[in-house]
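Only one structure is covered here, and it is reproduced in the block below.
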Amino acid sequence: SPSPSSEPRRRRRRSRSRDSSEPRRRRRSPSPDGRRRRSASPAARHGAGRPPRRAEEPEALPPAGAIFRGRVVSIRPFGAFVALDGYRKHGLVHISQLAPRRVESVEEVLTEGQDVWVKVLPSEDPAKVSLSLRQVDQSTGADLGDEAPRRGRRNEAEAEDGAPRNADGSFAWGKLEPLERGGPEEEEEEEAAPKQQPNFARTGKLAEASNTVNGVVLKSAEPSDAAKPTKHWRLYVFKGKEALEPYHIHRQSSYLLGRERRVVDLPLDHPSCSGQHAVLQFRLTAKSDTGKLVRPYLMDLGSTNGSFINGEKIEPEKYVELLPQDVLRFGYSSREYVIINADV
């Protein structure tokens with residue numbers, strides 16, 4: 001049992017704790033009618049008695065089928081956004097609704113800031129606004145409707161094969177209809193038209209491949225009787241009264257004359273001469289009085305301004321025999337070439 005001396009200590013501690021504690025809550029005064037007042041409920045303190053606030057009204061959207069004047073505000077790869085007059089929400093014009101043709105890029109039809117006429121399309125999502133540009137006449141704003149569908153690759157293919165199809169594009173199964181054919185006159189013309197026969201003529205491709213020098217196809221080929229001359233032939237060149245250095249033309253069987261220096265043997269620099277103008281060919285020919293001899297011949301290769309022997313123009317693509325002291329001239333050049341047999 002506690003000792004008598006411990007009893008006053010406990011009382012002192014209790015008194016100290018009461019003095020240090022917070023002041024007690026004041027008792028409420030009774031109501032005039034003697035009833036006890038109740039505290040207001042949380043709902044009443046937070047304004048439950050006030051009239052409820054109105055819910056935010058949904059944003060007004062343009063009606064489907066209506067035509068508006070709008071402005072392009074932004075362009076995306078899949079379409080363009082258009083701001084409509086009188087509405088805050090922007091509508092989307094898909095790339096398939098820009099024009100009745102196939103559009104590869106939106107920039108082909110629209111630019112930002114452009115004013116356009118658009119038609120509101122019915123949308124499954126009520127929060128989105130779908131617009132069409134190709135269903136409205138851009139000059140007058142008239143409704144064109146959707147009578148003319150876009151011609152895509154599939155429609156073009158259906159038009160080409162001519163097969164009967166349903167409205168959705170699927171094949172129409174049923175009775176086969178005969179193809180339209182022409183009258184009896186057209187059938188007779190088709191039967192009378194001869195078939196193209198195979199052509200076995202020479203194309204010249206093999207000769208062209210074997211007759212190419214430095215990447216240039218030669219216009220002439222040596223004949224079967226071509227031969228190297230046995231005598232010392234010379235070709236003397238005169239420019240007016242001035243004699244130039246002669247050409248020794250006994251070292252090979254033919255000499256090509258022209259302006260194409262990659263293939264010619266005797267260059268002709270006058271502008272009136274052709275690239276391959278003429279050829280001087282030595283041939284082993286036989287005559288009744290002299291027998292077989294190697295004689296010089298000249299052939300014009302179809303040049304523009306021709307070749308001349310003693311002032312007379314020779315026929316192109318034909319060999320003409322040359323005699324000693326003959327004077328040759330090519331095109332409108334003033335140079336004259338005299339052929340001489342040095343052994344005579």
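Chain labels A, B, ... are given in the sequence in which chains occur in the structure tokens; within each chain residues are numbered consecutively from 1, and ligands are likewise numbered from 1 in the order shown.
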
Applying 7 Å and only C-alpha atoms, which residues near region 134-138 of chain A remain after dropping the ones on its own chain fewer than 3 positions away? List them as a PyMOL selection string. chain A and resi 97-100+116-119+141-146

Could those residues be written to a file, using all heavy atoms, as a CSV table (one decimal), in the first residue's frame?
```
chain,number,residue,atom,x,y,z
A,97,GLN,N,-10.8,14.1,-99.7
A,97,GLN,CA,-11.9,15.1,-100.0
A,97,GLN,C,-11.5,16.4,-100.6
A,97,GLN,O,-12.3,17.3,-100.6
A,97,GLN,CB,-12.7,15.3,-98.7
A,97,GLN,CG,-13.4,14.1,-98.1
A,97,GLN,CD,-14.6,13.6,-99.0
A,97,GLN,OE1,-15.2,14.4,-99.7
A,97,GLN,NE2,-14.9,12.3,-98.9
A,98,LEU,N,-10.2,16.4,-101.1
A,98,LEU,CA,-9.7,17.7,-101.6
A,98,LEU,C,-10.2,17.9,-103.0
A,98,LEU,O,-10.5,19.1,-103.4
A,98,LEU,CB,-8.2,17.7,-101.5
A,98,LEU,CG,-7.6,17.8,-100.1
A,98,LEU,CD1,-6.1,17.8,-100.2
A,98,LEU,CD2,-8.0,19.1,-99.4
A,99,ALA,N,-10.2,16.9,-103.9
A,99,ALA,CA,-10.5,17.1,-105.3
A,99,ALA,C,-11.0,15.8,-105.8
A,99,ALA,O,-10.8,14.7,-105.2
A,99,ALA,CB,-9.2,17.5,-106.1
A,100,PRO,N,-11.8,15.8,-106.9
A,100,PRO,CA,-12.3,14.6,-107.5
A,100,PRO,C,-11.2,13.7,-108.1
A,100,PRO,O,-11.5,12.6,-108.6
A,100,PRO,CB,-13.3,15.1,-108.6
A,100,PRO,CG,-12.8,16.5,-108.9
A,100,PRO,CD,-12.2,17.0,-107.6
A,116,VAL,N,-11.7,29.0,-98.5
A,116,VAL,CA,-12.3,28.0,-99.3
A,116,VAL,C,-13.8,27.8,-98.9
A,116,VAL,O,-14.2,28.2,-97.8
A,116,VAL,CB,-11.5,26.6,-99.1
A,116,VAL,CG1,-10.2,26.7,-99.8
A,116,VAL,CG2,-11.4,26.3,-97.7
A,117,TRP,N,-14.5,27.2,-99.7
A,117,TRP,CA,-15.9,26.7,-99.4
A,117,TRP,C,-15.8,25.2,-99.0
A,117,TRP,O,-15.2,24.4,-99.7
A,117,TRP,CB,-16.8,26.9,-100.6
A,117,TRP,CG,-17.2,28.3,-101.0
A,117,TRP,CD1,-16.6,29.1,-101.9
A,117,TRP,CD2,-18.2,29.1,-100.3
A,117,TRP,NE1,-17.2,30.3,-101.9
A,117,TRP,CE2,-18.1,30.4,-100.9
A,117,TRP,CE3,-19.1,28.9,-99.3
A,117,TRP,CZ2,-19.0,31.4,-100.6
A,117,TRP,CZ3,-19.9,29.9,-98.9
A,117,TRP,CH2,-19.9,31.1,-99.5
A,118,VAL,N,-16.5,24.9,-97.9
A,118,VAL,CA,-16.4,23.5,-97.5
A,118,VAL,C,-17.9,23.1,-97.1
A,118,VAL,O,-18.7,23.9,-96.8
A,118,VAL,CB,-15.5,23.3,-96.2
A,118,VAL,CG1,-14.1,23.5,-96.6
A,118,VAL,CG2,-15.9,24.3,-95.1
A,119,LYS,N,-18.1,21.7,-97.1
A,119,LYS,CA,-19.3,21.1,-96.8
A,119,LYS,C,-19.1,20.2,-95.6
A,119,LYS,O,-18.2,19.5,-95.6
A,119,LYS,CB,-19.9,20.4,-98.0
A,119,LYS,CG,-21.2,19.7,-97.7
A,119,LYS,CD,-21.7,18.9,-98.9
A,119,LYS,CE,-23.0,18.2,-98.6
A,119,LYS,NZ,-23.5,17.4,-99.8
A,141,GLY,N,-19.7,28.4,-104.4
A,141,GLY,CA,-20.2,27.9,-103.2
A,141,GLY,C,-21.4,27.0,-103.3
A,141,GLY,O,-22.0,26.6,-102.3
A,142,ALA,N,-21.7,26.5,-104.5
A,142,ALA,CA,-22.9,25.6,-104.7
A,142,ALA,C,-22.5,24.2,-104.4
A,142,ALA,O,-21.4,23.8,-104.5
A,142,ALA,CB,-23.3,25.7,-106.2
A,143,ASP,N,-23.5,23.5,-103.9
A,143,ASP,CA,-23.4,22.1,-103.5
A,143,ASP,C,-23.3,21.2,-104.7
A,143,ASP,O,-24.3,21.2,-105.5
A,143,ASP,CB,-24.5,21.7,-102.5
A,143,ASP,CG,-24.3,20.3,-101.9
A,143,ASP,OD1,-23.2,19.7,-102.2
A,143,ASP,OD2,-25.1,19.9,-101.1
A,144,LEU,N,-22.2,20.5,-104.9
A,144,LEU,CA,-22.1,19.6,-106.1
A,144,LEU,C,-22.6,18.2,-105.7
A,144,LEU,O,-22.7,17.4,-106.6
A,144,LEU,CB,-20.7,19.6,-106.6
A,144,LEU,CG,-20.1,20.9,-107.0
A,144,LEU,CD1,-18.6,20.7,-107.4
A,144,LEU,CD2,-20.9,21.5,-108.1
A,145,GLY,N,-22.7,17.9,-104.4
A,145,GLY,CA,-23.1,16.5,-104.0
A,145,GLY,C,-21.9,15.6,-104.3
A,145,GLY,O,-20.8,15.9,-104.6
A,146,ASP,N,-22.3,14.3,-104.1
A,146,ASP,CA,-21.2,13.2,-104.3
A,146,ASP,C,-21.6,12.3,-105.4
A,146,ASP,O,-21.5,11.1,-105.3
A,146,ASP,CB,-21.1,12.4,-103.0
A,146,ASP,CG,-19.8,11.7,-102.9
A,146,ASP,OD1,-18.9,12.0,-103.8
A,146,ASP,OD2,-19.6,10.8,-102.1
```

Within 10 Å of region 312-326 of chain A: each region 194-300 of chain A residue with its shortest pair, only C-alpha atoms, as a Markdown table:
```
| residue | atom | partner | partner_atom | distance |
| --- | --- | --- | --- | --- |
| A:Lys219 | CA | A:Glu317 | CA | 10.0 |
| A:Ser220 | CA | A:Glu317 | CA | 9.1 |
| A:Trp233 | CA | A:Pro324 | CA | 9.0 |
| A:Arg234 | CA | A:Pro324 | CA | 9.7 |
| A:Leu235 | CA | A:Gln325 | CA | 9.4 |
| A:Tyr236 | CA | A:Gln325 | CA | 9.7 |
| A:Ala278 | CA | A:Pro316 | CA | 9.0 |
| A:Val279 | CA | A:Tyr319 | CA | 9.2 |
| A:Leu280 | CA | A:Tyr319 | CA | 9.1 |
| A:Gln281 | CA | A:Tyr319 | CA | 8.4 |
| A:Phe282 | CA | A:Glu321 | CA | 9.4 |
| A:Arg283 | CA | A:Glu321 | CA | 9.6 |
| A:Arg295 | CA | A:Glu321 | CA | 7.4 |
| A:Pro296 | CA | A:Leu322 | CA | 5.6 |
| A:Tyr297 | CA | A:Glu321 | CA | 4.3 |
| A:Leu298 | CA | A:Val320 | CA | 5.3 |
| A:Met299 | CA | A:Tyr319 | CA | 4.6 |
| A:Asp300 | CA | A:Pro316 | CA | 4.7 |
```

Suppose you want the space between CA of Pro77 (chain A) and CA of Lys128 (chain A); what is it in Å?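 Interatomic distance here is 18.3 Å.
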
Which residues are near region 271-275 of chain A? Cut-off 12 Å, only C-alpha atoms, ignore same chain within fewer than 6 positions. Put them as a ChimeraX atom specification. /A:216-219,256-265,300-307,329-335

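For the choices A:Arg69, A:Arg202, A:His94, A:Lys292, the atom-to-atom distance to Ser132 (chain A) is smallest for A:His94 when using only C-alpha atoms.
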
Could you tell me, as a PyMOL selection string, which residues of region 213-289 of chain A DSSP assigns to strand (DSSP E or B) when given the backbone? chain A and resi 213+216-217+226+233-239+242-243+247-248+254-258+266-267+278-287
